[in-house]
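*Asks:* Contents of upload_27.cif (mmCIF, C-alpha atoms):
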```
data_work
loop_
_atom_site.group_PDB
_atom_site.id
_atom_site.type_symbol
_atom_site.label_atom_id
_atom_site.label_comp_id
_atom_site.auth_asym_id
_atom_site.auth_seq_id
_atom_site.Cartn_x
_atom_site.Cartn_y
_atom_site.Cartn_z
ATOM 1 C CA MET S 141 0.000 0.000 0.000
ATOM 2 C CA GLN S 142 1.401 3.392 -1.008
ATOM 3 C CA ASN S 143 1.870 6.050 1.644
ATOM 4 C CA PRO S 144 0.073 9.380 1.168
ATOM 5 C CA LEU S 145 2.464 12.238 0.416
ATOM 6 C CA LEU S 146 0.003 15.112 -0.047
ATOM 7 C CA GLU S 147 -3.510 15.145 1.432
ATOM 8 C CA ILE S 148 -5.948 17.980 0.745
ATOM 9 C CA HIS S 149 -9.063 18.107 2.925
ATOM 10 C CA ASN S 150 -12.032 20.453 2.341
ATOM 11 C CA LEU S 151 -9.920 23.186 0.720
ATOM 12 C CA ASN S 152 -11.804 26.415 -0.011
ATOM 13 C CA THR S 153 -10.126 29.335 -1.786
ATOM 14 C CA ARG S 154 -11.866 32.536 -2.859
ATOM 15 C CA PHE S 155 -11.027 35.861 -4.514
ATOM 16 C CA LYS S 156 -12.602 39.227 -3.714
ATOM 17 C CA THR S 157 -13.142 41.245 -6.904
ATOM 18 C CA ASP S 158 -15.075 44.303 -8.049
ATOM 19 C CA GLU S 159 -17.653 41.939 -9.517
ATOM 20 C CA GLY S 160 -18.108 40.042 -6.264
ATOM 21 C CA MET S 161 -16.730 36.986 -4.458
ATOM 22 C CA ALA S 162 -15.296 34.290 -6.711
ATOM 23 C CA TYR S 163 -15.077 30.880 -5.036
ATOM 24 C CA ALA S 164 -12.421 29.263 -7.218
ATOM 25 C CA VAL S 165 -12.000 26.079 -5.130
ATOM 26 C CA LYS S 166 -14.815 24.658 -2.995
ATOM 27 C CA GLY S 167 -14.478 21.670 -0.683
ATOM 28 C CA LEU S 168 -11.556 20.091 -2.528
ATOM 29 C CA ASP S 169 -10.386 16.663 -1.305
ATOM 30 C CA LEU S 170 -7.370 15.005 -2.975
ATOM 31 C CA THR S 171 -4.580 12.595 -2.086
ATOM 32 C CA VAL S 172 -1.287 12.161 -3.925
ATOM 33 C CA TYR S 173 0.694 9.055 -2.976
ATOM 34 C CA GLU S 174 4.454 8.608 -2.895
ATOM 35 C CA GLY S 175 5.971 7.766 -6.269
ATOM 36 C CA GLU S 176 2.803 8.252 -8.348
ATOM 37 C CA THR S 177 1.724 10.671 -11.059
ATOM 38 C CA PHE S 178 -1.665 12.116 -10.181
ATOM 39 C CA GLY S 179 -3.619 13.984 -12.853
ATOM 40 C CA LEU S 180 -5.908 16.954 -12.251
ATOM 41 C CA VAL S 181 -7.947 17.678 -15.368
ATOM 42 C CA GLY S 182 -10.622 20.167 -16.373
ATOM 43 C CA GLU S 183 -11.288 23.064 -18.685
ATOM 44 C CA SER S 184 -9.911 26.574 -18.154
ATOM 45 C CA GLY S 185 -11.304 28.316 -15.078
ATOM 46 C CA CYS S 186 -12.285 25.167 -13.166
ATOM 47 C CA GLY S 187 -9.861 25.844 -10.304
ATOM 48 C CA LYS S 188 -6.930 23.549 -11.143
ATOM 49 C CA SER S 189 -4.203 26.177 -10.959
ATOM 50 C CA VAL S 190 -5.743 27.844 -7.889
ATOM 51 C CA ALA S 191 -5.641 24.468 -6.121
ATOM 52 C CA ALA S 192 -1.925 24.145 -6.973
ATOM 53 C CA LEU S 193 -1.141 27.703 -5.846
ATOM 54 C CA SER S 194 -3.037 27.012 -2.619
ATOM 55 C CA VAL S 195 -0.782 24.012 -1.949
ATOM 56 C CA MET S 196 2.268 26.233 -2.522
ATOM 57 C CA ARG S 197 0.654 29.017 -0.456
ATOM 58 C CA LEU S 198 1.169 31.453 -3.321
ATOM 59 C CA ILE S 199 -2.388 32.826 -3.393
ATOM 60 C CA PRO S 200 -2.035 36.646 -3.412
ATOM 61 C CA ASP S 201 -3.764 38.069 -0.306
ATOM 62 C CA PRO S 202 -5.520 40.360 -1.139
ATOM 63 C CA PRO S 203 -7.507 39.645 -3.314
ATOM 64 C CA GLY S 204 -7.283 35.895 -2.687
ATOM 65 C CA ARG S 205 -7.657 33.956 0.514
ATOM 66 C CA ILE S 206 -7.683 30.336 1.648
ATOM 67 C CA LEU S 207 -10.839 30.295 3.758
ATOM 68 C CA LYS S 208 -10.555 26.853 5.300
ATOM 69 C CA GLY S 209 -9.252 23.353 4.836
ATOM 70 C CA ARG S 210 -6.122 21.354 5.530
ATOM 71 C CA ILE S 211 -3.147 20.673 3.256
ATOM 72 C CA LEU S 212 -1.081 17.881 4.784
ATOM 73 C CA PHE S 213 2.384 17.206 3.395
ATOM 74 C CA ARG S 214 3.848 14.104 5.043
ATOM 75 C CA GLY S 215 1.330 14.656 7.837
ATOM 76 C CA LYS S 216 2.250 18.307 8.502
ATOM 77 C CA ASP S 217 -0.417 20.963 7.791
ATOM 78 C CA LEU S 218 1.140 23.518 5.423
ATOM 79 C CA LEU S 219 -1.562 26.070 6.235
ATOM 80 C CA GLY S 220 -0.361 26.167 9.851
ATOM 81 C CA LEU S 221 3.275 26.931 9.035
ATOM 82 C CA GLU S 222 4.905 30.323 9.497
ATOM 83 C CA GLU S 223 6.014 31.922 6.225
ATOM 84 C CA ALA S 224 9.698 31.252 6.985
ATOM 85 C CA GLU S 225 8.939 27.539 7.485
ATOM 86 C CA MET S 226 6.839 27.460 4.309
ATOM 87 C CA ARG S 227 9.726 28.937 2.325
ATOM 88 C CA ARG S 228 11.858 25.975 3.364
ATOM 89 C CA VAL S 229 9.173 23.582 2.075
ATOM 90 C CA ARG S 230 8.462 25.545 -1.102
ATOM 91 C CA GLY S 231 11.122 24.777 -3.678
ATOM 92 C CA ARG S 232 12.965 22.239 -1.523
ATOM 93 C CA SER S 233 10.305 19.588 -0.750
ATOM 94 C CA ILE S 234 7.580 20.781 -3.141
ATOM 95 C CA SER S 235 8.452 22.427 -6.455
ATOM 96 C CA MET S 236 6.216 23.810 -9.176
ATOM 97 C CA ILE S 237 6.535 24.204 -12.939
ATOM 98 C CA PHE S 238 4.372 27.163 -13.906
ATOM 99 C CA GLN S 239 2.256 27.432 -17.044
ATOM 100 C CA GLU S 240 4.244 29.988 -19.031
ATOM 101 C CA PRO S 241 8.028 29.887 -18.626
ATOM 102 C CA MET S 242 8.526 33.281 -20.309
ATOM 103 C CA THR S 243 6.590 35.004 -17.524
ATOM 104 C CA SER S 244 7.997 32.752 -14.776
ATOM 105 C CA LEU S 245 11.644 33.430 -15.628
ATOM 106 C CA ASN S 246 12.991 36.895 -14.834
ATOM 107 C CA PRO S 247 13.866 38.570 -18.179
ATOM 108 C CA VAL S 248 16.666 40.750 -16.722
ATOM 109 C CA PHE S 249 18.721 37.918 -15.219
ATOM 110 C CA THR S 250 20.612 35.186 -17.026
ATOM 111 C CA ILE S 251 19.533 31.549 -16.821
ATOM 112 C CA GLY S 252 22.634 30.847 -14.738
ATOM 113 C CA ALA S 253 21.943 33.609 -12.205
ATOM 114 C CA GLN S 254 18.397 32.363 -11.646
ATOM 115 C CA MET S 255 19.319 28.700 -11.406
ATOM 116 C CA THR S 256 22.282 29.166 -9.072
ATOM 117 C CA GLU S 257 20.243 31.399 -6.743
ATOM 118 C CA VAL S 258 17.609 28.661 -6.341
ATOM 119 C CA ILE S 259 20.260 25.991 -5.725
ATOM 120 C CA ARG S 260 22.193 28.091 -3.190
ATOM 121 C CA ILE S 261 19.038 28.956 -1.228
ATOM 122 C CA HIS S 262 17.747 25.404 -0.978
ATOM 123 C CA ARG S 263 20.967 23.378 -0.848
ATOM 124 C CA GLY S 264 23.249 25.780 1.036
ATOM 125 C CA VAL S 265 26.218 25.378 -1.316
ATOM 126 C CA THR S 266 28.887 27.764 -2.651
ATOM 127 C CA LYS S 267 28.630 29.664 -5.955
ATOM 128 C CA VAL S 268 30.993 27.228 -7.649
ATOM 129 C CA GLU S 269 29.060 24.197 -6.380
ATOM 130 C CA ALA S 270 25.751 25.814 -7.409
ATOM 131 C CA ARG S 271 27.067 26.382 -10.938
ATOM 132 C CA GLU S 272 28.199 22.746 -11.185
ATOM 133 C CA ALA S 273 24.782 21.590 -9.967
ATOM 134 C CA ALA S 274 23.060 23.869 -12.508
ATOM 135 C CA LEU S 275 25.177 22.436 -15.337
ATOM 136 C CA GLU S 276 24.333 18.906 -14.186
ATOM 137 C CA MET S 277 20.591 19.637 -14.166
ATOM 138 C CA LEU S 278 20.667 21.291 -17.610
ATOM 139 C CA ASN S 279 22.437 18.188 -18.896
ATOM 140 C CA LYS S 280 19.769 15.968 -17.325
ATOM 141 C CA VAL S 281 16.957 17.857 -19.090
ATOM 142 C CA GLY S 282 18.696 17.559 -22.458
ATOM 143 C CA ILE S 283 19.867 21.117 -23.072
ATOM 144 C CA PRO S 284 22.829 21.206 -25.492
ATOM 145 C CA ASP S 285 25.921 23.253 -24.566
ATOM 146 C CA PRO S 286 24.652 23.995 -21.022
ATOM 147 C CA SER S 287 27.607 26.194 -20.043
ATOM 148 C CA ARG S 288 26.698 28.649 -22.827
ATOM 149 C CA LYS S 289 22.993 28.530 -21.912
ATOM 150 C CA LEU S 290 23.818 29.603 -18.339
ATOM 151 C CA GLY S 291 25.040 32.931 -19.725
ATOM 152 C CA GLU S 292 21.950 33.564 -21.887
ATOM 153 C CA TYR S 293 18.730 35.422 -21.063
ATOM 154 C CA PRO S 294 15.245 33.839 -21.285
ATOM 155 C CA HIS S 295 14.365 35.673 -24.513
ATOM 156 C CA GLN S 296 17.428 34.205 -26.228
ATOM 157 C CA ILE S 297 16.218 30.598 -26.045
ATOM 158 C CA SER S 298 13.167 28.833 -27.502
ATOM 159 C CA GLY S 299 9.926 28.039 -25.680
ATOM 160 C CA GLY S 300 10.825 24.368 -25.409
ATOM 161 C CA MET S 301 14.243 25.221 -23.960
ATOM 162 C CA ARG S 302 12.689 27.660 -21.458
ATOM 163 C CA GLN S 303 10.345 24.907 -20.311
ATOM 164 C CA ARG S 304 13.324 22.576 -19.851
ATOM 165 C CA VAL S 305 15.066 25.278 -17.804
ATOM 166 C CA MET S 306 11.955 25.569 -15.601
ATOM 167 C CA ILE S 307 11.954 21.781 -15.094
ATOM 168 C CA ALA S 308 15.676 21.844 -14.259
ATOM 169 C CA MET S 309 15.116 24.631 -11.699
ATOM 170 C CA ALA S 310 12.138 22.837 -10.162
ATOM 171 C CA LEU S 311 14.075 19.577 -9.792
ATOM 172 C CA SER S 312 17.404 21.087 -8.754
ATOM 173 C CA SER S 313 16.619 20.662 -5.033
ATOM 174 C CA ARG S 314 15.379 17.078 -5.586
ATOM 175 C CA PRO S 315 11.828 17.688 -4.301
ATOM 176 C CA SER S 316 9.525 14.905 -3.126
ATOM 177 C CA LEU S 317 6.555 16.438 -4.985
ATOM 178 C CA LEU S 318 6.594 18.210 -8.347
ATOM 179 C CA ILE S 319 3.488 20.182 -9.310
ATOM 180 C CA ALA S 320 3.438 20.568 -13.100
ATOM 181 C CA ASP S 321 0.852 23.158 -14.147
ATOM 182 C CA GLU S 322 0.155 22.752 -17.878
ATOM 183 C CA PRO S 323 3.839 21.930 -18.568
ATOM 184 C CA THR S 324 3.268 21.500 -22.329
ATOM 185 C CA THR S 325 0.984 24.474 -23.012
ATOM 186 C CA ALA S 326 1.953 26.504 -26.124
ATOM 187 C CA LEU S 327 4.558 23.932 -27.194
ATOM 188 C CA ASP S 328 4.359 22.088 -30.492
ATOM 189 C CA VAL S 329 3.454 18.406 -30.451
ATOM 190 C CA THR S 330 7.010 17.113 -30.885
ATOM 191 C CA ILE S 331 8.330 19.232 -28.004
ATOM 192 C CA GLN S 332 5.328 18.230 -25.871
ATOM 193 C CA ALA S 333 6.240 14.568 -26.259
ATOM 194 C CA GLN S 334 9.859 15.285 -25.355
ATOM 195 C CA ILE S 335 8.863 17.208 -22.213
ATOM 196 C CA LEU S 336 6.501 14.433 -21.056
ATOM 197 C CA ASP S 337 9.167 11.766 -21.647
ATOM 198 C CA LEU S 338 11.626 13.940 -19.738
ATOM 199 C CA LEU S 339 9.267 14.301 -16.748
ATOM 200 C CA ASN S 340 8.638 10.555 -16.676
ATOM 201 C CA GLY S 341 12.347 9.754 -16.790
ATOM 202 C CA LEU S 342 13.292 12.245 -14.067
ATOM 203 C CA LYS S 343 10.415 11.043 -11.873
ATOM 204 C CA GLU S 344 11.685 7.473 -12.045
ATOM 205 C CA GLU S 345 15.283 8.540 -11.471
ATOM 206 C CA MET S 346 14.541 10.756 -8.461
ATOM 207 C CA GLY S 347 11.611 8.816 -6.985
ATOM 208 C CA ALA S 348 9.432 11.923 -6.890
ATOM 209 C CA SER S 349 5.654 12.213 -7.131
ATOM 210 C CA ILE S 350 4.044 14.413 -9.783
ATOM 211 C CA MET S 351 0.775 16.320 -9.588
ATOM 212 C CA LEU S 352 0.061 16.947 -13.271
ATOM 213 C CA ILE S 353 -2.433 19.713 -14.062
ATOM 214 C CA THR S 354 -3.795 19.874 -17.597
ATOM 215 C CA HIS S 355 -6.892 20.184 -19.776
ATOM 216 C CA ASP S 356 -5.512 17.596 -22.192
ATOM 217 C CA LEU S 357 -6.983 14.118 -21.641
ATOM 218 C CA GLY S 358 -4.384 12.637 -23.981
ATOM 219 C CA VAL S 359 -1.586 13.830 -21.665
ATOM 220 C CA ILE S 360 -3.435 12.337 -18.674
ATOM 221 C CA ALA S 361 -3.822 8.979 -20.455
ATOM 222 C CA GLU S 362 -0.100 8.851 -21.174
ATOM 223 C CA MET S 363 1.280 10.119 -17.858
ATOM 224 C CA ALA S 364 -1.033 9.582 -14.880
ATOM 225 C CA ALA S 365 -1.989 6.573 -12.764
ATOM 226 C CA ARG S 366 -4.972 8.264 -11.081
ATOM 227 C CA VAL S 367 -6.979 11.302 -12.114
ATOM 228 C CA ALA S 368 -9.525 13.746 -10.726
ATOM 229 C CA VAL S 369 -11.862 15.728 -13.005
ATOM 230 C CA MET S 370 -12.725 19.259 -11.824
ATOM 231 C CA TYR S 371 -15.700 21.438 -12.730
ATOM 232 C CA THR S 372 -16.385 24.900 -11.260
ATOM 233 C CA GLY S 373 -14.071 24.415 -8.301
ATOM 234 C CA ARG S 374 -15.145 20.902 -7.338
ATOM 235 C CA VAL S 375 -13.957 17.391 -8.127
ATOM 236 C CA VAL S 376 -16.806 15.674 -10.003
ATOM 237 C CA GLU S 377 -15.069 12.344 -10.581
ATOM 238 C CA GLU S 378 -11.940 10.585 -9.340
ATOM 239 C CA ALA S 379 -10.638 7.203 -10.487
ATOM 240 C CA ASP S 380 -7.708 5.200 -11.795
ATOM 241 C CA VAL S 381 -6.938 6.374 -15.317
ATOM 242 C CA LYS S 382 -7.924 3.043 -16.899
ATOM 243 C CA ASP S 383 -11.294 3.098 -15.117
ATOM 244 C CA LEU S 384 -11.964 6.718 -16.049
ATOM 245 C CA PHE S 385 -11.285 6.146 -19.740
ATOM 246 C CA GLY S 386 -12.936 2.716 -19.798
ATOM 247 C CA ASP S 387 -16.043 3.590 -17.780
ATOM 248 C CA PRO S 388 -16.556 7.365 -17.247
ATOM 249 C CA LEU S 389 -19.506 7.929 -14.890
ATOM 250 C CA HIS S 390 -20.193 11.639 -14.489
ATOM 251 C CA PRO S 391 -22.153 13.209 -17.390
ATOM 252 C CA TYR S 392 -19.477 15.917 -17.636
ATOM 253 C CA THR S 393 -16.661 13.353 -17.904
ATOM 254 C CA ARG S 394 -18.637 11.415 -20.504
ATOM 255 C CA GLY S 395 -19.125 14.642 -22.447
ATOM 256 C CA LEU S 396 -15.386 15.334 -22.393
ATOM 257 C CA MET S 397 -14.636 11.824 -23.625
ATOM 258 C CA ALA S 398 -17.232 12.038 -26.406
ATOM 259 C CA SER S 399 -15.737 15.308 -27.645
ATOM 260 C CA MET S 400 -12.341 13.706 -28.274
ATOM 261 C CA PRO S 401 -11.539 12.487 -31.787
ATOM 262 C CA SER S 402 -10.691 8.799 -32.082
ATOM 263 C CA ILE S 403 -8.332 7.109 -34.543
ATOM 264 C CA THR S 404 -10.323 3.862 -34.221
ATOM 265 C CA LYS S 405 -13.678 5.529 -34.940
ATOM 266 C CA PRO S 406 -13.162 8.049 -37.738
ATOM 267 C CA ILE S 407 -15.712 10.836 -38.045
ATOM 268 C CA ARG S 408 -18.074 10.465 -40.988
ATOM 269 C CA GLU S 409 -18.370 13.417 -43.341
ATOM 270 C CA ASP S 410 -21.978 13.979 -42.241
ATOM 271 C CA LYS S 411 -21.189 13.815 -38.518
ATOM 272 C CA HIS S 412 -19.381 16.286 -36.270
ATOM 273 C CA LEU S 413 -17.624 15.724 -32.965
ATOM 274 C CA GLU S 414 -20.043 15.774 -30.055
ATOM 275 C CA VAL S 415 -20.101 18.912 -27.913
ATOM 276 C CA ILE S 416 -21.321 19.600 -24.393
ATOM 277 C CA PRO S 417 -24.384 21.870 -24.676
ATOM 278 C CA GLY S 418 -24.436 25.304 -23.045
ATOM 279 C CA MET S 419 -21.623 27.240 -21.391
ATOM 280 C CA VAL S 420 -19.654 26.909 -18.186
ATOM 281 C CA PRO S 421 -21.509 29.104 -15.649
ATOM 282 C CA SER S 422 -19.848 32.281 -14.386
ATOM 283 C CA ILE S 423 -17.894 31.731 -11.210
ATOM 284 C CA PHE S 424 -19.774 34.729 -9.769
ATOM 285 C CA TYR S 425 -23.236 33.313 -10.548
ATOM 286 C CA LEU S 426 -23.039 29.567 -10.017
ATOM 287 C CA PRO S 427 -26.391 27.754 -10.205
ATOM 288 C CA PRO S 428 -27.760 26.088 -7.054
ATOM 289 C CA GLY S 429 -27.518 22.340 -6.569
ATOM 290 C CA CYS S 430 -25.204 20.562 -8.963
ATOM 291 C CA HIS S 431 -23.325 23.221 -10.921
ATOM 292 C CA TYR S 432 -23.529 21.072 -14.050
ATOM 293 C CA HIS S 433 -27.310 20.459 -14.023
ATOM 294 C CA GLU S 434 -28.167 23.201 -16.550
ATOM 295 C CA ARG S 435 -25.983 21.456 -19.162
ATOM 296 C CA CYS S 436 -26.784 17.878 -18.167
ATOM 297 C CA GLN S 437 -29.176 15.842 -20.302
ATOM 298 C CA ALA S 438 -29.625 13.268 -17.496
ATOM 299 C CA ALA S 439 -30.413 15.777 -14.713
ATOM 300 C CA LEU S 440 -32.930 14.802 -12.027
ATOM 301 C CA LYS S 441 -35.265 17.194 -10.239
ATOM 302 C CA LYS S 442 -33.118 17.318 -7.091
ATOM 303 C CA CYS S 443 -30.014 18.199 -9.160
ATOM 304 C CA SER S 444 -31.212 21.806 -9.417
ATOM 305 C CA THR S 445 -31.611 22.234 -5.639
ATOM 306 C CA GLU S 446 -29.252 19.893 -3.755
ATOM 307 C CA PRO S 447 -25.490 19.714 -4.365
ATOM 308 C CA PRO S 448 -24.482 16.029 -4.562
ATOM 309 C CA PRO S 449 -21.638 14.662 -2.411
ATOM 310 C CA LEU S 450 -18.672 12.790 -3.862
ATOM 311 C CA ILE S 451 -19.988 9.211 -3.790
ATOM 312 C CA PRO S 452 -17.768 6.078 -3.883
ATOM 313 C CA VAL S 453 -19.259 3.879 -6.614
ATOM 314 C CA LYS S 454 -16.620 1.143 -6.700
ATOM 315 C CA GLU S 455 -13.110 0.635 -5.426
ATOM 316 C CA ARG S 456 -10.987 3.764 -6.112
ATOM 317 C CA HIS S 457 -13.751 5.325 -8.220
ATOM 318 C CA SER S 458 -15.935 8.180 -6.882
ATOM 319 C CA VAL S 459 -18.401 10.502 -8.596
ATOM 320 C CA ARG S 460 -20.315 13.653 -7.587
ATOM 321 C CA CYS S 461 -23.695 12.862 -9.144
ATOM 322 C CA TRP S 462 -27.182 12.005 -7.836
ATOM 323 C CA LEU S 463 -27.600 9.387 -10.574
ATOM 324 C CA TYR S 464 -25.346 7.063 -8.552
ATOM 325 C CA HIS S 465 -26.539 7.875 -5.053
ATOM 326 C CA GLU S 466 -28.852 4.873 -4.814
#
```
Could the structure of this file be written out as structure tokens, please?
*Replies:*
Amino acid sequence: MQNPLLEIHNLNTRFKTDEGMAYAVKGLDLTVYEGETFGLVGESGCGKSVAALSVMRLIPDPPGRILKGRILFRGKDLLGLEEAEMRRVRGRSISMIFQEPMTSLNPVFTIGAQMTEVIRIHRGVTKVEAREAALEMLNKVGIPDPSRKLGEYPHQISGGMRQRVMIAMALSSRPSLLIADEPTTALDVTIQAQILDLLNGLKEEMGASIMLITHDLGVIAEMAARVAVMYTGRVVEEADVKDLFGDPLHPYTRGLMASMPSITKPIREDKHLEVIPGMVPSIFYLPPGCHYHERCQAALKKCSTEPPPLIPVKERHSVRCWLYHE
């Protein structure tokens, strides 16, 4: 039996805006086990990145705030730590690859300056040792001529190379948990495959766990062992990847699966890909009951008034839907 590394219990994160209160994450419960890749999937705005930033305690306050919940890392509640203690966890034990490396890397400092600073802070080594460690990590992530790259600025290298630099920085302190937030966004398909292979290889080599955040079900199928599907701040389904793809239960998950093209079932000329009807509701004006009921073709009467709990349907497979409550 795997040991839990990260446990999130009833996490609630909101943002105060001119338009009103936006509850980005509501009652989130997740567990990431040691040595596994856990996928968090959902369309833009569902709360995936806010959940990750909450774990890292990087929610800007104001306007954001973690209202309640517990985030246990190896049994210790991160929300109860002083900021100085959290800084020692952030980057050393838990690292994060952010969505867009061009905005995550500082444009006025060289790659080498940024990498060596991270290594010196978290590993307590000299400048010379930090440079050697930076060269080693750039080699590991497949960057050619790493000594020259250390002297270059972010704008001087390609998007794929910047993403590799971000991965090298995130892994330079050998963290136990790597949170990868859309690590292949805006990269072409060939580079995407290289980055995913790289993450898999480094995970096996270092024995780390990965929390992989994406909207791409194909990436989840290739990388993750377990997956949770989010919709409007809540997990609507959680299962092993094989179960989710083989037997999706929630109407939203089934809609996502049906909208994917298949190489085994080519689309006829007179038939289009299926789409989920309607629009994702505004985070400021969420409908009562199940937030998906206005788009759901299988909705029951109680779906519009009572929010369903996350119900275990079979071993390691839970769904937030009244259709399965009985």
*Asks:* When you draw a straight line from atom CA of S:Leu426 to atom CA of S:Arg154, how long is it in Å?
*Replies:*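 A separation of 13.6 Å between them.
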*Asks:* Of the candidates S:Ile350, S:Leu336, S:Phe424, S:Ala368, which shows the shortest atom-to-atom distance to S:Thr157, using only C-alpha atoms?
*Replies:*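 Looking only at the distances to S:Thr157, the closest residue turns out to be S:Phe424.
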*Asks:* What are the centre and edge lengths in Å, to one decimal, of the axis-aligned box around all listed atoms of stretch 226-231 of chain S with 8 Å added on each side, as JSON?
*Replies:*
```
{"center_x": 9.3, "center_y": 26.3, "center_z": 0.3, "size_x": 21.0, "size_y": 21.4, "size_z": 24.0}
```
*Asks:* In terms of the shortest atom-to-atom distance over all atoms listed in the file, which of S:Thr354, S:Gln303, S:Ser399, S:Gln239 is closest to S:Phe178?
*Replies:* S:Thr354
*Asks:* Which residues are close to S:Pro391, i.e. within 12 Å by all atoms listed in the file, leaving aside same-chain residues fewer than 6 positions away? Reply as a compact mmCIF listing (two decimals) with C-alpha atoms, keeping the file's coordinate frame.
*Replies:*
```
# COMPACT_ATOMS: atom_id res chain seq x y z
CA VAL S 369 -11.86 15.73 -13.00
CA TYR S 371 -15.70 21.44 -12.73
CA VAL S 376 -16.81 15.67 -10.00
CA GLU S 377 -15.07 12.34 -10.58
CA MET S 397 -14.64 11.82 -23.62
CA ALA S 398 -17.23 12.04 -26.41
CA ILE S 416 -21.32 19.60 -24.39
CA PRO S 417 -24.38 21.87 -24.68
CA CYS S 430 -25.20 20.56 -8.96
CA HIS S 431 -23.32 23.22 -10.92
CA TYR S 432 -23.53 21.07 -14.05
CA HIS S 433 -27.31 20.46 -14.02
CA GLU S 434 -28.17 23.20 -16.55
CA ARG S 435 -25.98 21.46 -19.16
CA CYS S 436 -26.78 17.88 -18.17
CA GLN S 437 -29.18 15.84 -20.30
CA ALA S 438 -29.62 13.27 -17.50
CA ALA S 439 -30.41 15.78 -14.71
CA VAL S 459 -18.40 10.50 -8.60
CA ARG S 460 -20.32 13.65 -7.59
CA CYS S 461 -23.70 12.86 -9.14
CA TRP S 462 -27.18 12.00 -7.84
CA LEU S 463 -27.60 9.39 -10.57
CA TYR S 464 -25.35 7.06 -8.55
```
*Asks:* Write out as a ChimeraX atom specification the residues lying within 7 Å of stretch 217-230 of chain S, counting all atoms listed in the file and excluding same-chain residues fewer than 6 positions away.
*Replies:* /S:196,210-211
*Asks:* Would you save the residues of that selection, restricted to C-alpha atoms, as a PDB file, keeping the file's coordinate frame?
*Replies:*
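Here's the written file selection-v4.pdb:
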```
ATOM      1  CA  MET S 196       2.268  26.233  -2.522  1.00  0.00           C
ATOM      2  CA  ARG S 210      -6.122  21.354   5.530  1.00  0.00           C
ATOM      3  CA  ILE S 211      -3.147  20.673   3.256  1.00  0.00           C
TER       4      ILE S 211
END
```
*Asks:* Skip stretch 197-200 of chain S itself and residues of its chain fewer than 2 positions away, then list as a list of chain:residue names all residues within 9 Å of it, counting all atoms listed in the file.
*Replies:*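 Close residues of stretch 197-200 of chain S: S:Thr153, S:Val190, S:Ala192, S:Leu193, S:Ser194, S:Val195, S:Pro202, S:Pro203, S:Gly204, S:Arg205, S:Ile206, S:Leu218, S:Leu219, S:Met226, S:Arg230.
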*Asks:* Taking only C-alpha atoms into account, which of S:Thr445, S:Ser312, S:Thr171, S:Gln142 comes nearest S:Val281?
*Replies:* S:Ser312
*Asks:* Starting from the PyMOL selection byres ((chain S and resi 208) around 7), expand the selection into actual residues of this file and give them as a list in words.
*Replies:*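 Listing what the PyMOL selection byres ((chain S and resi 208) around 7) selects in the shown file: Leu151, Asn152, Ile206, Leu207 and Gly209 of chain S.
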*Asks:* Take atom CA of S:Phe249 and atom CA of S:Ser287 and report the distance between them in Å, one decimal.
*Replies:*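 The value is 15.5 Å.
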*Asks:* Could you expand the PyMOL selection byres ((chain S and resi 173) around 9) into the explicit residues it covers here, written as a short mmCIF file (atom, residue, chain, number, x, y, z; two decimals) with C-alpha atoms, in the coordinates of the input?
*Replies:*
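The file below, expr_14.cif, is the result:
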```cif
data_model
loop_
_atom_site.label_atom_id
_atom_site.label_comp_id
_atom_site.auth_asym_id
_atom_site.auth_seq_id
_atom_site.Cartn_x
_atom_site.Cartn_y
_atom_site.Cartn_z
CA GLN S 142 1.40 3.39 -1.01
CA ASN S 143 1.87 6.05 1.64
CA PRO S 144 0.07 9.38 1.17
CA LEU S 145 2.46 12.24 0.42
CA LEU S 146 0.00 15.11 -0.05
CA GLU S 147 -3.51 15.14 1.43
CA THR S 171 -4.58 12.60 -2.09
CA VAL S 172 -1.29 12.16 -3.92
CA GLU S 174 4.45 8.61 -2.90
CA GLY S 175 5.97 7.77 -6.27
CA GLU S 176 2.80 8.25 -8.35
CA THR S 177 1.72 10.67 -11.06
CA PHE S 178 -1.66 12.12 -10.18
CA SER S 349 5.65 12.21 -7.13
#
```
*Asks:* Which residue, S:Leu170, S:Ala273, S:Ile261, S:Met306, has the smallest gap to S:Phe213 when you use all atoms listed in the file?
*Replies:* S:Leu170
*Asks:* Take the PyMOL selection byres ((chain S and resi 314) around 12), run it mentally on this structure, and tell me the resulting residues as JSON, numbers by chain.
*Replies:* {"S": [229, 230, 231, 232, 233, 234, 235, 236, 258, 259, 262, 263, 273, 277, 307, 308, 309, 310, 311, 312, 313, 315, 316, 317, 318, 342, 343, 345, 346, 347, 348, 349]}
*Asks:* Please compute the atom CA of S:Gly264-atom CA of S:Ile251 distance, one decimal, in Å.
*Replies:* 19.1 Å
*Asks:* Could you check which of S:Met255, S:Met419, S:Leu339, S:Val165 is closest to S:Met363, using all atoms listed in the file?
*Replies:*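 Selected residue with least distance to S:Met363: S:Leu339.
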